[in-house]
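Below: one structure, written as structure tokens.
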Amino acid sequence: MSMTQVATHRPQKLAVDREAGLLRIQWVDGHASDFRLAWLRAVCPCATCAEAKRTADADPLRLAVGPGPSAAVTGAELVGNYALRIIWADGHDGGIYGFSGLRASCPCAECGGIEPDHLRAE
Ligand SMILES: [Zn+2]
Ligand SMILES: [Zn+2]
């Protein structure tokens, strides 16, 4: 990865819009990304959630029962200058969302208009 790419994957502004249920990132190159909090929770990259997803994928007939995990955010903090940790209302805080991965997963129309089913590799 070139230095130029790394530079564009840095956020200039970061905001959690609880009312809209969005994490809004404005990148240093001017691009803007809106990530749904529910999507962020669904693609949580922590070991526990990754394992739960593997188990569910291995058993496609298993029905999801009950409400999904909380998509309400109580806080967020920077991890170095390369990632964001999100603290969810149910106390879950193991997911470290790398900025490169977030940028690669941007769901805006310009970037393809789809939410990937997992946080993309940087
Ligand atoms: Zn997790
Ligand atoms: Zn985009």
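Simple scheme: letters A, B, ... for chains in structure tokens order, numbers from 1 for residues in each chain, numbers from 1 for ligands in the order shown.
Using only C-alpha atoms and all ligand atoms as the basis for the distance check, residues found within 9 Å of ligand 1 are Arg41, Ala42, Val43, Cys44, Pro45, Cys46, Ala47, Thr48, Cys49, Ala50, His92, Asp93, Gly94, Gly95 and Ile96 of chain A.
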Just to be explicit: take each residue in the selection above, keep C-alpha atoms, and write the result as a PDB file, in the first residue's frame.
```pdb
ATOM      1  CA  ARG A  41     -22.429  -4.042  14.859  1.00  0.00           C
ATOM      2  CA  ALA A  42     -23.268  -6.841  12.424  1.00  0.00           C
ATOM      3  CA  VAL A  43     -19.738  -6.855  10.989  1.00  0.00           C
ATOM      4  CA  CYS A  44     -17.957  -6.442  14.339  1.00  0.00           C
ATOM      5  CA  PRO A  45     -14.477  -7.801  13.641  1.00  0.00           C
ATOM      6  CA  CYS A  46     -13.685  -8.988  17.182  1.00  0.00           C
ATOM      7  CA  ALA A  47     -12.766 -12.640  17.791  1.00  0.00           C
ATOM      8  CA  THR A  48     -16.020 -13.437  19.618  1.00  0.00           C
ATOM      9  CA  CYS A  49     -18.269 -12.105  16.847  1.00  0.00           C
ATOM     10  CA  ALA A  50     -16.102 -13.631  14.099  1.00  0.00           C
ATOM     11  CA  HIS A  92     -19.509  -4.986  23.892  1.00  0.00           C
ATOM     12  CA  ASP A  93     -16.307  -3.140  22.969  1.00  0.00           C
ATOM     13  CA  GLY A  94     -13.971  -5.708  21.403  1.00  0.00           C
ATOM     14  CA  GLY A  95     -14.274  -4.523  17.808  1.00  0.00           C
ATOM     15  CA  ILE A  96     -11.439  -2.463  16.366  1.00  0.00           C
TER      16      ILE A  96
END
```
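Among all protein and nucleic acid residues, the ones that lie within 8 Å of ligand 2 when counting only C-alpha atoms and all ligand atoms are A:His31, A:Ala32, A:Ser33, A:Arg103, A:Ser105, A:Cys106, A:Pro107, A:Cys108, A:Ala109, A:Glu110, A:Cys111, A:Gly112, A:Gly113.
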Write a file of the selected residues as a PDB file, in the first residue's frame, keeping C-alpha atoms.
```pdb
ATOM      1  CA  HIS A  31     -14.825  11.743   0.558  1.00  0.00           C
ATOM      2  CA  ALA A  32     -17.653  11.215   3.034  1.00  0.00           C
ATOM      3  CA  SER A  33     -18.938   7.884   4.315  1.00  0.00           C
ATOM      4  CA  ARG A 103     -12.944   3.160   3.735  1.00  0.00           C
ATOM      5  CA  SER A 105     -16.330  -0.855   2.893  1.00  0.00           C
ATOM      6  CA  CYS A 106     -17.849   2.570   2.170  1.00  0.00           C
ATOM      7  CA  PRO A 107     -21.452   1.928   1.061  1.00  0.00           C
ATOM      8  CA  CYS A 108     -21.986   5.216  -0.802  1.00  0.00           C
ATOM      9  CA  ALA A 109     -23.206   5.177  -4.400  1.00  0.00           C
ATOM     10  CA  GLU A 110     -19.823   6.331  -5.681  1.00  0.00           C
ATOM     11  CA  CYS A 111     -18.135   3.348  -4.004  1.00  0.00           C
ATOM     12  CA  GLY A 112     -20.646   0.824  -5.346  1.00  0.00           C
ATOM     13  CA  GLY A 113     -23.664   1.399  -3.136  1.00  0.00           C
TER      14      GLY A 113
END
```
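Near segment 15-26 of chain A, within 9 Å and counting only C-alpha atoms, sit Arg10, Pro11, Gly30, His31, Ala32, Ser33, Asp34, Phe35, Arg36, Leu37, Ala38, Leu40, Ala71, Ala72, Val73, Gly75 and Ala76 of chain A; same-chain residues fewer than 4 positions away were not included.
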Based on the selection just made, write N, CA, C and O atoms of those residues as a PDB file, in the first residue's frame.
```
ATOM      1  N   ARG A  10      -7.385   8.333   6.206  1.00  0.00           N
ATOM      2  CA  ARG A  10      -7.428   8.955   7.529  1.00  0.00           C
ATOM      3  C   ARG A  10      -8.662   9.854   7.610  1.00  0.00           C
ATOM      4  O   ARG A  10      -8.966  10.593   6.674  1.00  0.00           O
ATOM      5  N   PRO A  11      -9.385   9.764   8.717  1.00  0.00           N
ATOM      6  CA  PRO A  11     -10.553  10.624   8.847  1.00  0.00           C
ATOM      7  C   PRO A  11     -10.161  12.048   9.245  1.00  0.00           C
ATOM      8  O   PRO A  11      -9.208  12.251   9.990  1.00  0.00           O
ATOM      9  N   GLY A  30     -11.624  14.355   1.274  1.00  0.00           N
ATOM     10  CA  GLY A  30     -12.899  15.006   0.991  1.00  0.00           C
ATOM     11  C   GLY A  30     -14.055  14.032   0.838  1.00  0.00           C
ATOM     12  O   GLY A  30     -15.212  14.443   0.857  1.00  0.00           O
ATOM     13  N   HIS A  31     -13.757  12.736   0.681  1.00  0.00           N
ATOM     14  CA  HIS A  31     -14.825  11.743   0.558  1.00  0.00           C
ATOM     15  C   HIS A  31     -15.570  11.634   1.888  1.00  0.00           C
ATOM     16  O   HIS A  31     -14.973  11.821   2.939  1.00  0.00           O
ATOM     17  N   ALA A  32     -16.863  11.367   1.815  1.00  0.00           N
ATOM     18  CA  ALA A  32     -17.653  11.215   3.034  1.00  0.00           C
ATOM     19  C   ALA A  32     -18.338   9.853   3.030  1.00  0.00           C
ATOM     20  O   ALA A  32     -18.842   9.401   2.004  1.00  0.00           O
ATOM     21  N   SER A  33     -18.305   9.198   4.180  1.00  0.00           N
ATOM     22  CA  SER A  33     -18.938   7.884   4.315  1.00  0.00           C
ATOM     23  C   SER A  33     -19.916   7.910   5.473  1.00  0.00           C
ATOM     24  O   SER A  33     -19.608   8.433   6.541  1.00  0.00           O
ATOM     25  N   ASP A  34     -21.094   7.327   5.246  1.00  0.00           N
ATOM     26  CA  ASP A  34     -22.075   7.116   6.315  1.00  0.00           C
ATOM     27  C   ASP A  34     -22.209   5.615   6.526  1.00  0.00           C
ATOM     28  O   ASP A  34     -22.618   4.895   5.610  1.00  0.00           O
ATOM     29  N   PHE A  35     -21.868   5.161   7.711  1.00  0.00           N
ATOM     30  CA  PHE A  35     -22.014   3.743   8.031  1.00  0.00           C
ATOM     31  C   PHE A  35     -23.162   3.584   9.004  1.00  0.00           C
ATOM     32  O   PHE A  35     -23.198   4.270  10.035  1.00  0.00           O
ATOM     33  N   ARG A  36     -24.092   2.671   8.707  1.00  0.00           N
ATOM     34  CA  ARG A  36     -25.172   2.417   9.654  1.00  0.00           C
ATOM     35  C   ARG A  36     -24.606   1.725  10.877  1.00  0.00           C
ATOM     36  O   ARG A  36     -23.815   0.780  10.758  1.00  0.00           O
ATOM     37  N   LEU A  37     -25.018   2.177  12.066  1.00  0.00           N
ATOM     38  CA  LEU A  37     -24.518   1.571  13.294  1.00  0.00           C
ATOM     39  C   LEU A  37     -24.898   0.093  13.353  1.00  0.00           C
ATOM     40  O   LEU A  37     -24.112  -0.745  13.794  1.00  0.00           O
ATOM     41  N   ALA A  38     -26.112  -0.236  12.883  1.00  0.00           N
ATOM     42  CA  ALA A  38     -26.547  -1.637  12.890  1.00  0.00           C
ATOM     43  C   ALA A  38     -25.626  -2.492  12.017  1.00  0.00           C
ATOM     44  O   ALA A  38     -25.314  -3.638  12.347  1.00  0.00           O
ATOM     45  N   LEU A  40     -22.440  -1.763  11.355  1.00  0.00           N
ATOM     46  CA  LEU A  40     -21.153  -1.841  12.056  1.00  0.00           C
ATOM     47  C   LEU A  40     -21.188  -2.939  13.118  1.00  0.00           C
ATOM     48  O   LEU A  40     -20.235  -3.698  13.280  1.00  0.00           O
ATOM     49  N   ALA A  71     -27.458  -2.088  18.677  1.00  0.00           N
ATOM     50  CA  ALA A  71     -26.804  -1.221  17.709  1.00  0.00           C
ATOM     51  C   ALA A  71     -26.754   0.204  18.249  1.00  0.00           C
ATOM     52  O   ALA A  71     -26.581   1.158  17.516  1.00  0.00           O
ATOM     53  N   ALA A  72     -26.939   0.333  19.576  1.00  0.00           N
ATOM     54  CA  ALA A  72     -26.834   1.641  20.200  1.00  0.00           C
ATOM     55  C   ALA A  72     -25.400   1.830  20.710  1.00  0.00           C
ATOM     56  O   ALA A  72     -24.811   0.920  21.276  1.00  0.00           O
ATOM     57  N   VAL A  73     -24.872   2.991  20.443  1.00  0.00           N
ATOM     58  CA  VAL A  73     -23.481   3.280  20.775  1.00  0.00           C
ATOM     59  C   VAL A  73     -23.418   4.168  22.010  1.00  0.00           C
ATOM     60  O   VAL A  73     -24.152   5.148  22.102  1.00  0.00           O
ATOM     61  N   GLY A  75     -20.169   5.013  23.141  1.00  0.00           N
ATOM     62  CA  GLY A  75     -18.927   5.770  22.992  1.00  0.00           C
ATOM     63  C   GLY A  75     -18.075   5.213  21.874  1.00  0.00           C
ATOM     64  O   GLY A  75     -18.342   4.143  21.334  1.00  0.00           O
ATOM     65  N   ALA A  76     -17.055   5.991  21.509  1.00  0.00           N
ATOM     66  CA  ALA A  76     -16.101   5.557  20.496  1.00  0.00           C
ATOM     67  C   ALA A  76     -14.780   6.213  20.812  1.00  0.00           C
ATOM     68  O   ALA A  76     -14.748   7.339  21.310  1.00  0.00           O
TER      69      ALA A  76
END
```
Which parts of chain A does DSSP call helix (DSSP H, G or I) when run on the backbone here, written out as a compact mmCIF listing (two decimals) with C-alpha atoms, in the first residue's frame?
```
# COMPACT_ATOMS: atom_id res chain seq x y z
CA MET A 3 1.74 6.33 1.38
CA THR A 4 -0.82 8.19 -0.70
CA GLN A 5 -3.47 5.53 -0.10
CA VAL A 6 -2.73 5.49 3.61
CA ALA A 7 -3.16 9.25 3.77
CA THR A 8 -6.60 9.18 2.15
CA LEU A 37 -24.52 1.57 13.29
CA ALA A 38 -26.55 -1.64 12.89
CA TRP A 39 -24.25 -2.65 10.03
CA LEU A 40 -21.15 -1.84 12.06
CA ARG A 41 -22.43 -4.04 14.86
CA ALA A 42 -23.27 -6.84 12.42
CA ALA A 47 -12.77 -12.64 17.79
CA THR A 48 -16.02 -13.44 19.62
CA CYS A 49 -18.27 -12.11 16.85
CA ALA A 50 -16.10 -13.63 14.10
CA GLU A 51 -16.43 -17.03 15.79
CA ALA A 52 -20.20 -16.63 16.21
CA LYS A 53 -20.46 -15.78 12.51
CA ARG A 54 -18.40 -18.82 11.52
CA THR A 55 -20.67 -21.05 13.59
CA ALA A 56 -23.81 -19.54 12.05
CA ASP A 57 -22.39 -19.85 8.53
CA ALA A 58 -21.58 -23.52 9.14
CA PHE A 99 -9.91 3.09 8.93
CA SER A 100 -8.58 1.41 5.80
CA GLY A 101 -11.16 -1.35 6.18
CA LEU A 102 -13.95 1.16 6.77
CA ARG A 103 -12.94 3.16 3.74
CA ALA A 104 -12.81 -0.01 1.64
CA ALA A 109 -23.21 5.18 -4.40
CA GLU A 110 -19.82 6.33 -5.68
CA CYS A 111 -18.13 3.35 -4.00
```
* To do: Mind listing the strand (DSSP E) residues of chain A, per DSSP on the backbone, as number ranges by chain?
  => A: 11-17, 22-27, 32-36, 73-79, 83-88, 96-98
Output file for the residues above (N, CA, C and O atoms, as a short mmCIF file (atom, residue, chain, number, x, y, z; two decimals), in the first residue's frame):
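Once everything was written out, this is part-v6.cif:
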```
data_model
loop_
_atom_site.label_atom_id
_atom_site.label_comp_id
_atom_site.auth_asym_id
_atom_site.auth_seq_id
_atom_site.Cartn_x
_atom_site.Cartn_y
_atom_site.Cartn_z
N PRO A 11 -9.38 9.76 8.72
CA PRO A 11 -10.55 10.62 8.85
C PRO A 11 -10.16 12.05 9.25
O PRO A 11 -9.21 12.25 9.99
N GLN A 12 -10.91 12.99 8.70
CA GLN A 12 -10.71 14.37 9.10
C GLN A 12 -11.73 14.72 10.18
O GLN A 12 -11.43 15.44 11.11
N LYS A 13 -12.94 14.16 9.98
CA LYS A 13 -14.01 14.37 10.96
C LYS A 13 -14.71 13.05 11.19
O LYS A 13 -14.95 12.29 10.26
N LEU A 14 -15.07 12.82 12.44
CA LEU A 14 -15.76 11.59 12.83
C LEU A 14 -16.92 11.98 13.72
O LEU A 14 -16.74 12.76 14.64
N ALA A 15 -18.10 11.46 13.44
CA ALA A 15 -19.22 11.77 14.31
C ALA A 15 -20.19 10.61 14.36
O ALA A 15 -20.46 9.96 13.35
N VAL A 16 -20.68 10.31 15.55
CA VAL A 16 -21.75 9.33 15.69
C VAL A 16 -23.05 10.12 15.77
O VAL A 16 -23.23 10.96 16.65
N ASP A 17 -23.93 9.87 14.80
CA ASP A 17 -25.25 10.52 14.78
C ASP A 17 -26.24 9.50 15.32
O ASP A 17 -26.71 8.63 14.59
N LEU A 22 -26.14 6.55 12.55
CA LEU A 22 -25.04 6.52 11.59
C LEU A 22 -23.71 6.92 12.23
O LEU A 22 -23.67 7.76 13.13
N LEU A 23 -22.65 6.31 11.74
CA LEU A 23 -21.30 6.82 11.98
C LEU A 23 -20.91 7.56 10.70
O LEU A 23 -20.90 6.97 9.62
N ARG A 24 -20.66 8.84 10.84
CA ARG A 24 -20.31 9.65 9.67
C ARG A 24 -18.82 9.96 9.70
O ARG A 24 -18.31 10.48 10.69
N ILE A 25 -18.15 9.64 8.62
CA ILE A 25 -16.72 9.93 8.52
C ILE A 25 -16.47 10.81 7.31
O ILE A 25 -16.92 10.51 6.20
N GLN A 26 -15.78 11.89 7.55
CA GLN A 26 -15.29 12.72 6.44
C GLN A 26 -13.80 12.45 6.35
O GLN A 26 -13.06 12.62 7.32
N TRP A 27 -13.36 11.98 5.19
CA TRP A 27 -11.96 11.59 5.01
C TRP A 27 -11.11 12.78 4.57
O TRP A 27 -11.64 13.78 4.07
N ALA A 32 -16.86 11.37 1.82
CA ALA A 32 -17.65 11.22 3.03
C ALA A 32 -18.34 9.85 3.03
O ALA A 32 -18.84 9.40 2.00
N SER A 33 -18.31 9.20 4.18
CA SER A 33 -18.94 7.88 4.31
C SER A 33 -19.92 7.91 5.47
O SER A 33 -19.61 8.43 6.54
N ASP A 34 -21.09 7.33 5.25
CA ASP A 34 -22.08 7.12 6.32
C ASP A 34 -22.21 5.61 6.53
O ASP A 34 -22.62 4.90 5.61
N PHE A 35 -21.87 5.16 7.71
CA PHE A 35 -22.01 3.74 8.03
C PHE A 35 -23.16 3.58 9.00
O PHE A 35 -23.20 4.27 10.04
N ARG A 36 -24.09 2.67 8.71
CA ARG A 36 -25.17 2.42 9.65
C ARG A 36 -24.61 1.73 10.88
O ARG A 36 -23.81 0.78 10.76
N VAL A 73 -24.87 2.99 20.44
CA VAL A 73 -23.48 3.28 20.77
C VAL A 73 -23.42 4.17 22.01
O VAL A 73 -24.15 5.15 22.10
N THR A 74 -22.56 3.80 22.95
CA THR A 74 -22.38 4.69 24.10
C THR A 74 -21.10 5.49 23.96
O THR A 74 -20.96 6.53 24.60
N GLY A 75 -20.17 5.01 23.14
CA GLY A 75 -18.93 5.77 22.99
C GLY A 75 -18.08 5.21 21.87
O GLY A 75 -18.34 4.14 21.33
N ALA A 76 -17.06 5.99 21.51
CA ALA A 76 -16.10 5.56 20.50
C ALA A 76 -14.78 6.21 20.81
O ALA A 76 -14.75 7.34 21.31
N GLU A 77 -13.71 5.49 20.58
CA GLU A 77 -12.40 6.09 20.85
C GLU A 77 -11.40 5.67 19.79
O GLU A 77 -11.52 4.61 19.19
N LEU A 78 -10.45 6.54 19.53
CA LEU A 78 -9.43 6.25 18.54
C LEU A 78 -8.45 5.23 19.09
O LEU A 78 -8.13 5.24 20.28
N VAL A 79 -8.01 4.33 18.22
CA VAL A 79 -6.95 3.39 18.56
C VAL A 79 -5.75 3.81 17.72
O VAL A 79 -5.75 3.63 16.51
N ALA A 83 -7.38 3.34 13.69
CA ALA A 83 -8.60 2.57 13.91
C ALA A 83 -9.50 3.23 14.94
O ALA A 83 -9.10 4.16 15.65
N LEU A 84 -10.73 2.73 14.98
CA LEU A 84 -11.74 3.23 15.90
C LEU A 84 -12.28 2.05 16.71
O LEU A 84 -12.58 0.99 16.15
N ARG A 85 -12.40 2.24 18.02
CA ARG A 85 -13.05 1.24 18.86
C ARG A 85 -14.44 1.78 19.19
O ARG A 85 -14.58 2.94 19.56
N ILE A 86 -15.45 0.95 19.01
CA ILE A 86 -16.82 1.37 19.30
C ILE A 86 -17.30 0.65 20.55
O ILE A 86 -17.13 -0.56 20.68
N ILE A 87 -17.86 1.42 21.47
CA ILE A 87 -18.40 0.84 22.70
C ILE A 87 -19.92 0.84 22.56
O ILE A 87 -20.56 1.88 22.43
N TRP A 88 -20.50 -0.37 22.56
CA TRP A 88 -21.93 -0.54 22.36
C TRP A 88 -22.66 -0.49 23.68
O TRP A 88 -22.08 -0.74 24.75
N ILE A 96 -12.32 -3.55 16.79
CA ILE A 96 -11.44 -2.46 16.37
C ILE A 96 -11.64 -2.31 14.86
O ILE A 96 -11.35 -3.22 14.09
N TYR A 97 -12.19 -1.17 14.46
CA TYR A 97 -12.51 -0.94 13.07
C TYR A 97 -11.40 -0.12 12.42
O TYR A 97 -11.29 1.09 12.66
N GLY A 98 -10.57 -0.78 11.63
CA GLY A 98 -9.47 -0.08 10.97
C GLY A 98 -10.02 0.91 9.94
O GLY A 98 -10.98 0.60 9.24
#
```
